[in-house]
file target-v9.cif (mmCIF, C-alpha atoms)
data_upload
#
loop_
_atom_site.label_atom_id
_atom_site.label_comp_id
_atom_site.auth_asym_id
_atom_site.auth_seq_id
_atom_site.Cartn_x
_atom_site.Cartn_y
_atom_site.Cartn_z
CA MET A 1 -43.57 -14.17 4.44
CA ASP A 2 -43.06 -17.95 4.24
CA ALA A 3 -39.40 -17.68 3.20
CA GLU A 4 -38.64 -15.21 5.97
CA ARG A 5 -40.36 -17.37 8.58
CA GLU A 6 -38.41 -20.42 7.40
CA ALA A 7 -35.11 -18.52 7.62
CA LEU A 8 -35.90 -17.39 11.14
CA GLN A 9 -36.84 -20.92 12.19
CA SER A 10 -33.86 -22.70 10.63
CA THR A 11 -31.08 -20.14 11.07
CA ALA A 12 -31.81 -17.11 13.22
CA TYR A 13 -33.57 -18.70 16.20
CA PRO A 14 -30.87 -21.35 16.87
CA GLU A 15 -28.15 -18.70 16.77
CA VAL A 16 -30.02 -16.41 19.16
CA GLN A 17 -30.75 -19.39 21.42
CA THR A 18 -27.04 -20.26 21.60
CA PHE A 19 -26.12 -16.63 22.31
CA CYS A 20 -28.67 -16.33 25.11
CA GLN A 21 -27.59 -19.59 26.75
CA LYS A 22 -24.00 -18.34 26.92
CA HIS A 23 -25.21 -15.29 28.83
CA GLY A 24 -27.59 -17.09 31.16
CA LEU A 25 -30.71 -15.89 29.38
CA MET A 26 -33.80 -17.77 28.22
CA PHE A 27 -34.95 -17.28 24.63
CA GLU A 28 -38.54 -18.12 23.77
CA VAL A 29 -40.16 -17.72 20.35
CA VAL A 30 -43.88 -17.04 19.93
CA ASP A 31 -45.07 -16.91 16.33
CA LEU A 32 -48.54 -15.39 16.23
CA ARG A 33 -49.43 -17.74 13.36
CA TRP A 34 -48.85 -20.82 15.51
CA GLY A 35 -51.46 -22.49 17.65
CA ILE A 36 -54.61 -20.71 16.45
CA ARG A 37 -57.24 -23.43 16.17
CA ASN A 38 -59.97 -23.15 13.53
CA THR A 39 -62.69 -22.74 16.16
CA GLU A 40 -60.86 -19.81 17.71
CA ALA A 41 -60.38 -18.16 14.31
CA THR A 42 -64.01 -18.55 13.32
CA ASP A 43 -65.18 -17.26 16.69
CA HIS A 44 -63.32 -13.99 15.98
CA LEU A 45 -60.79 -14.58 18.74
CA THR A 46 -57.65 -14.57 16.59
CA THR A 47 -56.83 -10.87 16.95
CA GLU A 48 -57.65 -10.86 20.65
CA LEU A 49 -55.48 -13.91 21.34
CA CYS A 50 -52.55 -12.42 19.40
CA LEU A 51 -52.75 -9.10 21.24
CA GLU A 52 -52.95 -10.83 24.60
CA GLU A 53 -49.85 -12.85 23.72
CA LEU A 54 -48.01 -9.68 22.69
CA ASP A 55 -48.94 -8.12 26.00
CA ARG A 56 -47.61 -11.16 27.88
CA CYS A 57 -44.33 -11.02 25.95
CA ARG A 58 -43.98 -7.33 26.74
CA LYS A 59 -44.45 -7.92 30.46
CA THR A 60 -42.05 -10.87 30.75
CA SER A 61 -39.21 -9.81 28.43
CA ILE A 62 -36.21 -7.70 29.44
CA GLY A 63 -35.24 -7.10 25.82
CA PRO A 64 -36.92 -7.11 22.41
CA ALA A 65 -40.40 -8.58 22.76
CA PHE A 66 -41.86 -7.95 19.31
CA VAL A 67 -40.47 -8.49 15.81
CA ALA A 68 -42.73 -7.44 12.93
CA LEU A 69 -42.25 -8.60 9.36
CA VAL A 70 -44.31 -6.08 7.41
CA GLY A 71 -45.17 -6.71 3.77
CA ASP A 72 -47.72 -5.36 1.29
CA GLN A 73 -50.66 -7.54 2.32
CA TYR A 74 -53.01 -5.76 4.70
CA GLY A 75 -54.97 -8.83 5.75
CA PRO A 76 -58.68 -9.42 6.44
CA CYS A 77 -60.57 -7.01 8.70
CA PRO A 78 -62.44 -8.91 11.42
CA VAL A 79 -65.62 -7.67 13.09
CA PRO A 80 -64.86 -6.09 16.50
CA THR A 81 -65.62 -8.60 19.26
CA LEU A 82 -66.51 -5.92 21.81
CA ILE A 83 -68.33 -2.60 21.46
CA GLU A 84 -68.78 -0.20 24.36
CA GLU A 85 -72.37 0.84 25.09
CA LYS A 86 -72.07 4.48 24.03
CA GLU A 87 -70.44 3.48 20.75
CA TRP A 88 -73.07 0.75 20.26
CA GLU A 89 -75.93 3.22 20.66
CA ALA A 90 -74.30 5.58 18.16
CA LEU A 91 -73.95 2.78 15.59
CA LYS A 92 -77.47 1.47 16.14
CA ALA A 93 -78.98 4.92 15.69
CA GLN A 94 -77.51 5.11 12.18
CA LEU A 95 -79.15 1.81 11.16
CA THR A 96 -82.75 2.67 12.02
CA THR A 97 -83.56 3.21 8.34
CA ARG A 98 -82.14 -0.24 7.50
CA PRO A 99 -84.24 -2.62 9.63
CA ARG A 100 -82.71 -5.83 8.26
CA ASP A 101 -79.17 -4.67 9.04
CA LEU A 102 -80.30 -3.42 12.44
CA GLU A 103 -81.88 -6.79 13.23
CA LEU A 104 -78.71 -8.63 12.19
CA VAL A 105 -76.45 -6.44 14.31
CA ALA A 106 -78.77 -6.72 17.33
CA ARG A 107 -78.90 -10.52 16.95
CA ARG A 108 -75.15 -11.00 16.66
CA PHE A 109 -74.21 -8.84 19.66
CA ARG A 110 -75.31 -9.44 23.24
CA ARG A 111 -75.19 -6.95 26.11
CA ASP A 112 -72.76 -7.83 28.89
CA GLU A 113 -74.36 -6.58 32.09
CA ASN A 114 -71.30 -7.49 34.18
CA ALA A 115 -69.02 -5.04 32.37
CA VAL A 116 -68.61 -1.49 33.73
CA PRO A 117 -69.68 0.37 31.69
CA PRO A 118 -71.87 -2.21 29.90
CA THR A 119 -70.54 -3.54 26.60
CA TYR A 120 -71.87 -5.58 23.70
CA LEU A 121 -70.09 -8.84 22.83
CA LEU A 122 -70.06 -10.53 19.43
CA GLN A 123 -71.77 -13.92 19.57
CA ALA A 124 -70.35 -16.90 17.68
CA LEU A 125 -72.46 -18.52 15.01
CA HIS A 126 -73.78 -22.01 15.61
CA ILE A 127 -72.05 -24.82 13.73
CA ARG A 128 -74.87 -25.23 11.20
CA GLU A 129 -75.32 -21.53 10.50
CA ALA A 130 -73.97 -20.12 7.24
CA ARG A 131 -71.00 -17.90 7.90
CA GLY A 132 -69.86 -16.23 4.68
CA PRO A 133 -72.77 -14.09 3.41
CA GLU A 134 -73.99 -13.08 6.88
CA GLU A 135 -70.48 -12.16 7.98
CA ALA A 136 -70.05 -9.89 4.97
CA THR A 137 -73.43 -8.24 5.62
CA LEU A 138 -72.58 -7.72 9.29
CA THR A 139 -69.25 -6.13 8.42
CA SER A 140 -70.91 -3.86 5.84
CA ALA A 141 -73.64 -2.79 8.28
CA LEU A 142 -71.18 -1.95 11.05
CA ARG A 143 -68.93 -0.02 8.69
CA SER A 144 -71.87 1.94 7.35
CA GLY A 145 -73.06 2.79 10.85
CA ALA A 146 -69.55 3.74 11.93
CA GLN A 147 -69.05 5.94 8.88
CA GLU A 148 -72.21 7.94 9.56
CA ALA A 149 -71.56 8.08 13.32
CA ARG A 150 -68.06 9.41 12.64
CA ARG A 151 -69.44 12.03 10.22
CA LEU A 152 -71.83 13.22 12.93
CA GLY A 153 -69.05 13.33 15.51
CA LEU A 154 -70.62 10.58 17.65
CA ILE A 155 -67.53 8.36 17.64
CA THR A 156 -63.82 9.11 17.39
CA GLN A 157 -61.49 8.42 14.49
CA GLU A 158 -59.90 5.59 16.49
CA GLN A 159 -63.30 4.01 17.13
CA TRP A 160 -64.13 4.30 13.41
CA HIS A 161 -60.80 2.70 12.54
CA ARG A 162 -61.66 -0.46 14.48
CA TYR A 163 -64.16 -1.38 11.76
CA HIS A 164 -61.54 -1.09 9.00
CA ARG A 165 -58.38 -2.45 10.66
CA SER A 166 -56.98 -5.91 9.97
CA GLY A 167 -55.67 -8.21 12.69
CA GLU A 168 -52.15 -7.75 11.33
CA ALA A 169 -52.46 -3.97 11.54
CA ALA A 170 -53.73 -4.15 15.11
CA GLY A 171 -50.82 -6.34 16.16
CA THR A 172 -48.29 -4.14 14.41
CA SER A 173 -49.81 -0.98 15.93
CA LEU A 174 -49.27 -2.45 19.37
CA GLY A 175 -45.58 -2.76 18.62
CA VAL A 176 -45.09 0.70 17.11
CA PRO A 177 -44.11 3.35 19.65
CA GLY A 178 -46.76 6.04 19.83
CA LYS A 179 -49.65 3.90 18.60
CA CYS A 180 -52.08 1.67 20.43
CA PRO A 181 -55.19 -0.19 19.17
CA ARG A 182 -56.92 0.05 22.58
CA VAL A 183 -58.20 -3.50 22.43
CA GLN A 184 -60.41 -3.76 25.53
CA ASN A 185 -58.21 -1.00 27.01
CA THR A 186 -55.80 -3.56 28.48
CA HIS A 187 -52.85 -3.44 26.12
CA HIS A 188 -49.91 -1.07 26.19
CA VAL A 189 -47.55 0.20 23.55
CA LEU A 190 -44.13 -1.42 23.37
CA SER A 191 -41.19 0.92 23.81
CA ARG A 192 -38.59 1.31 21.07
CA ARG A 193 -36.17 -1.03 22.84
CA HIS A 194 -38.81 -3.75 22.91
CA SER A 195 -39.78 -3.81 19.22
CA LEU A 196 -38.05 -4.42 15.90
CA HIS A 197 -39.69 -3.89 12.50
CA PHE A 198 -38.60 -5.22 9.11
CA TYR A 199 -40.37 -4.04 5.98
CA LYS A 200 -40.68 -5.94 2.73
CA CYS A 201 -41.87 -4.00 -0.31
CA GLN A 202 -42.82 -5.89 -3.45
CA THR A 203 -42.69 -4.13 -6.80
CA ASN A 204 -43.73 -4.94 -10.37
CA LEU A 205 -46.85 -6.81 -9.27
CA ALA A 206 -49.18 -7.78 -12.09
CA LEU A 207 -52.29 -5.61 -12.08
CA GLU A 208 -54.54 -8.60 -12.58
CA THR A 209 -53.31 -10.29 -9.39
CA GLN A 210 -56.22 -11.13 -7.08
CA PHE A 211 -55.85 -10.51 -3.37
#
call {"tool": "encode", "arguments": {"input": "target-v9.cif", "output": "structure tokens"}}
result
Amino acid sequence: MDAEREALQSTAYPEVQTFCQKHGLMFEVVDLRWGIRNTEATDHLTTELCLEELDRCRKTSIGPAFVALVGDQYGPCPVPTLIEEKEWEALKAQLTTRPRDLELVARRFRRDENAVPPTYLLQALHIREARGPEEATLTSALRSGAQEARRLGLITQEQWHRYHRSGEAAGTSLGVPGKCPRVQNTHHVLSRRHSLHFYKCQTNLALETQF
């Protein structure tokens, strides 16, 4: 979406800014790809920060507060940063036959006693700790536990989906009327008058293309 972002920045935003000024309105642009520092991204805060910013825009805007440019790339699926206690117990119970995965999950999440009900928070890796292989193993373990917990009816479809949803999908769901990602139960769906969606479909892609 680089070309679309450039067109918005160079052409669309200035025109909207001029229009708003003539009518005594303030126009502010927040691109969810701006301002995310590397430390925040690696600490799994990117999705949370984006959703919080969307929520702020929804609360402060009297008009459209969300514009989604939707293409064919789904995006990476981050590990949930927060798991409620009941859901945590259901996941952990499915990993008892995989002690190494169970140990990894228990080490990377810490119980928050101040939350009501208690929750488990994802802990950031230390600077010198290897991130890639362990991150992939953690994601696989959580997905496996969620899959079995869902099959047994211990968690809902929406809870299961959290382990397979990309940050882009979560942000877009927040802006689609009738859908809500329930991130920490603090975000609300934008109404139809507050969201605009533009879809870009690419065809004739080479089968050997790597994503």
call {"tool": "resolve_selection", "arguments": {"input": "target-v9.cif", "expression": "the PyMOL selection byres ((chain A and resi 79-94) around 7)", "output": "ChimeraX atom specification"}}
result
/A:44,77-78,95-96,102,118-122,139,145-146,148-149,154-155,162-163
call {"tool": "atom_distance", "arguments": {"input": "target-v9.cif", "atom1": "CA of Arg108 (chain A)", "atom2": "CA of Gln123 (chain A)"}}
result
5.3 Å
call {"tool": "resolve_selection", "arguments": {"input": "target-v9.cif", "expression": "the PyMOL selection byres ((chain A and resi 29-31) around 12)", "output": "VMD selection string"}}
result
chain A and resid 5 to 6 8 to 9 12 to 14 16 to 17 26 to 28 32 to 36 49 to 58 61 64 to 69
call {"tool": "atom_distance", "arguments": {"input": "target-v9.cif", "atom1": "CA of Pro133 (chain A)", "atom2": "CA of Thr97 (chain A)"}}
result
21.0 Å
call {"tool": "atom_distance", "arguments": {"input": "target-v9.cif", "atom1": "CA of Ala141 (chain A)", "atom2": "CA of His161 (chain A)"}}
result
14.6 Å
call {"tool": "decode", "arguments": {"input": "target-v9.cif", "residues": "region 112-155 of chain A", "atoms": "C-alpha atoms", "output": "PDB file, in the first residue's frame"}}
result
ATOM      1  CA  ASP A 112      -1.398 -10.259  37.182  1.00  0.00           C
ATOM      2  CA  GLU A 113      -2.876 -10.378  40.671  1.00  0.00           C
ATOM      3  CA  ASN A 114      -4.185  -6.805  40.419  1.00  0.00           C
ATOM      4  CA  ALA A 115      -6.557  -7.599  37.559  1.00  0.00           C
ATOM      5  CA  VAL A 116     -10.160  -8.621  38.312  1.00  0.00           C
ATOM      6  CA  PRO A 117     -10.518 -11.390  37.352  1.00  0.00           C
ATOM      7  CA  PRO A 118      -6.804 -12.300  37.344  1.00  0.00           C
ATOM      8  CA  THR A 119      -5.096 -12.365  33.954  1.00  0.00           C
ATOM      9  CA  TYR A 120      -1.796 -13.571  32.523  1.00  0.00           C
ATOM     10  CA  LEU A 121       0.452 -11.029  30.789  1.00  0.00           C
ATOM     11  CA  LEU A 122       3.053 -11.788  28.126  1.00  0.00           C
ATOM     12  CA  GLN A 123       6.551 -10.944  29.346  1.00  0.00           C
ATOM     13  CA  ALA A 124       9.084  -9.314  27.029  1.00  0.00           C
ATOM     14  CA  LEU A 125      12.287 -11.149  26.268  1.00  0.00           C
ATOM     15  CA  HIS A 126      15.533  -9.761  27.611  1.00  0.00           C
ATOM     16  CA  ILE A 127      17.785  -8.016  25.105  1.00  0.00           C
ATOM     17  CA  ARG A 128      20.242 -10.914  24.872  1.00  0.00           C
ATOM     18  CA  GLU A 129      17.616 -13.639  24.545  1.00  0.00           C
ATOM     19  CA  ALA A 130      17.026 -15.196  21.132  1.00  0.00           C
ATOM     20  CA  ARG A 131      13.669 -14.146  19.776  1.00  0.00           C
ATOM     21  CA  GLY A 132      12.940 -15.972  16.520  1.00  0.00           C
ATOM     22  CA  PRO A 133      12.865 -19.725  17.303  1.00  0.00           C
ATOM     23  CA  GLU A 134      11.322 -19.322  20.757  1.00  0.00           C
ATOM     24  CA  GLU A 135       8.658 -16.974  19.431  1.00  0.00           C
ATOM     25  CA  ALA A 136       7.661 -19.490  16.771  1.00  0.00           C
ATOM     26  CA  THR A 137       7.511 -22.296  19.349  1.00  0.00           C
ATOM     27  CA  LEU A 138       5.411 -20.164  21.698  1.00  0.00           C
ATOM     28  CA  THR A 139       2.968 -19.315  18.927  1.00  0.00           C
ATOM     29  CA  SER A 140       2.715 -22.975  17.902  1.00  0.00           C
ATOM     30  CA  ALA A 141       2.139 -24.124  21.494  1.00  0.00           C
ATOM     31  CA  LEU A 142      -0.601 -21.574  22.123  1.00  0.00           C
ATOM     32  CA  ARG A 143      -2.334 -22.367  18.853  1.00  0.00           C
ATOM     33  CA  SER A 144      -2.215 -26.076  19.596  1.00  0.00           C
ATOM     34  CA  GLY A 145      -3.657 -25.552  23.070  1.00  0.00           C
ATOM     35  CA  ALA A 146      -6.340 -23.233  21.725  1.00  0.00           C
ATOM     36  CA  GLN A 147      -7.293 -25.682  18.991  1.00  0.00           C
ATOM     37  CA  GLU A 148      -7.839 -28.526  21.450  1.00  0.00           C
ATOM     38  CA  ALA A 149      -9.570 -26.271  23.993  1.00  0.00           C
ATOM     39  CA  ARG A 150     -11.939 -25.057  21.277  1.00  0.00           C
ATOM     40  CA  ARG A 151     -12.656 -28.653  20.190  1.00  0.00           C
ATOM     41  CA  LEU A 152     -13.582 -29.512  23.777  1.00  0.00           C
ATOM     42  CA  GLY A 153     -15.785 -26.441  24.084  1.00  0.00           C
ATOM     43  CA  LEU A 154     -13.589 -24.850  26.769  1.00  0.00           C
ATOM     44  CA  ILE A 155     -13.075 -21.589  24.878  1.00  0.00           C
TER      45      ILE A 155
END
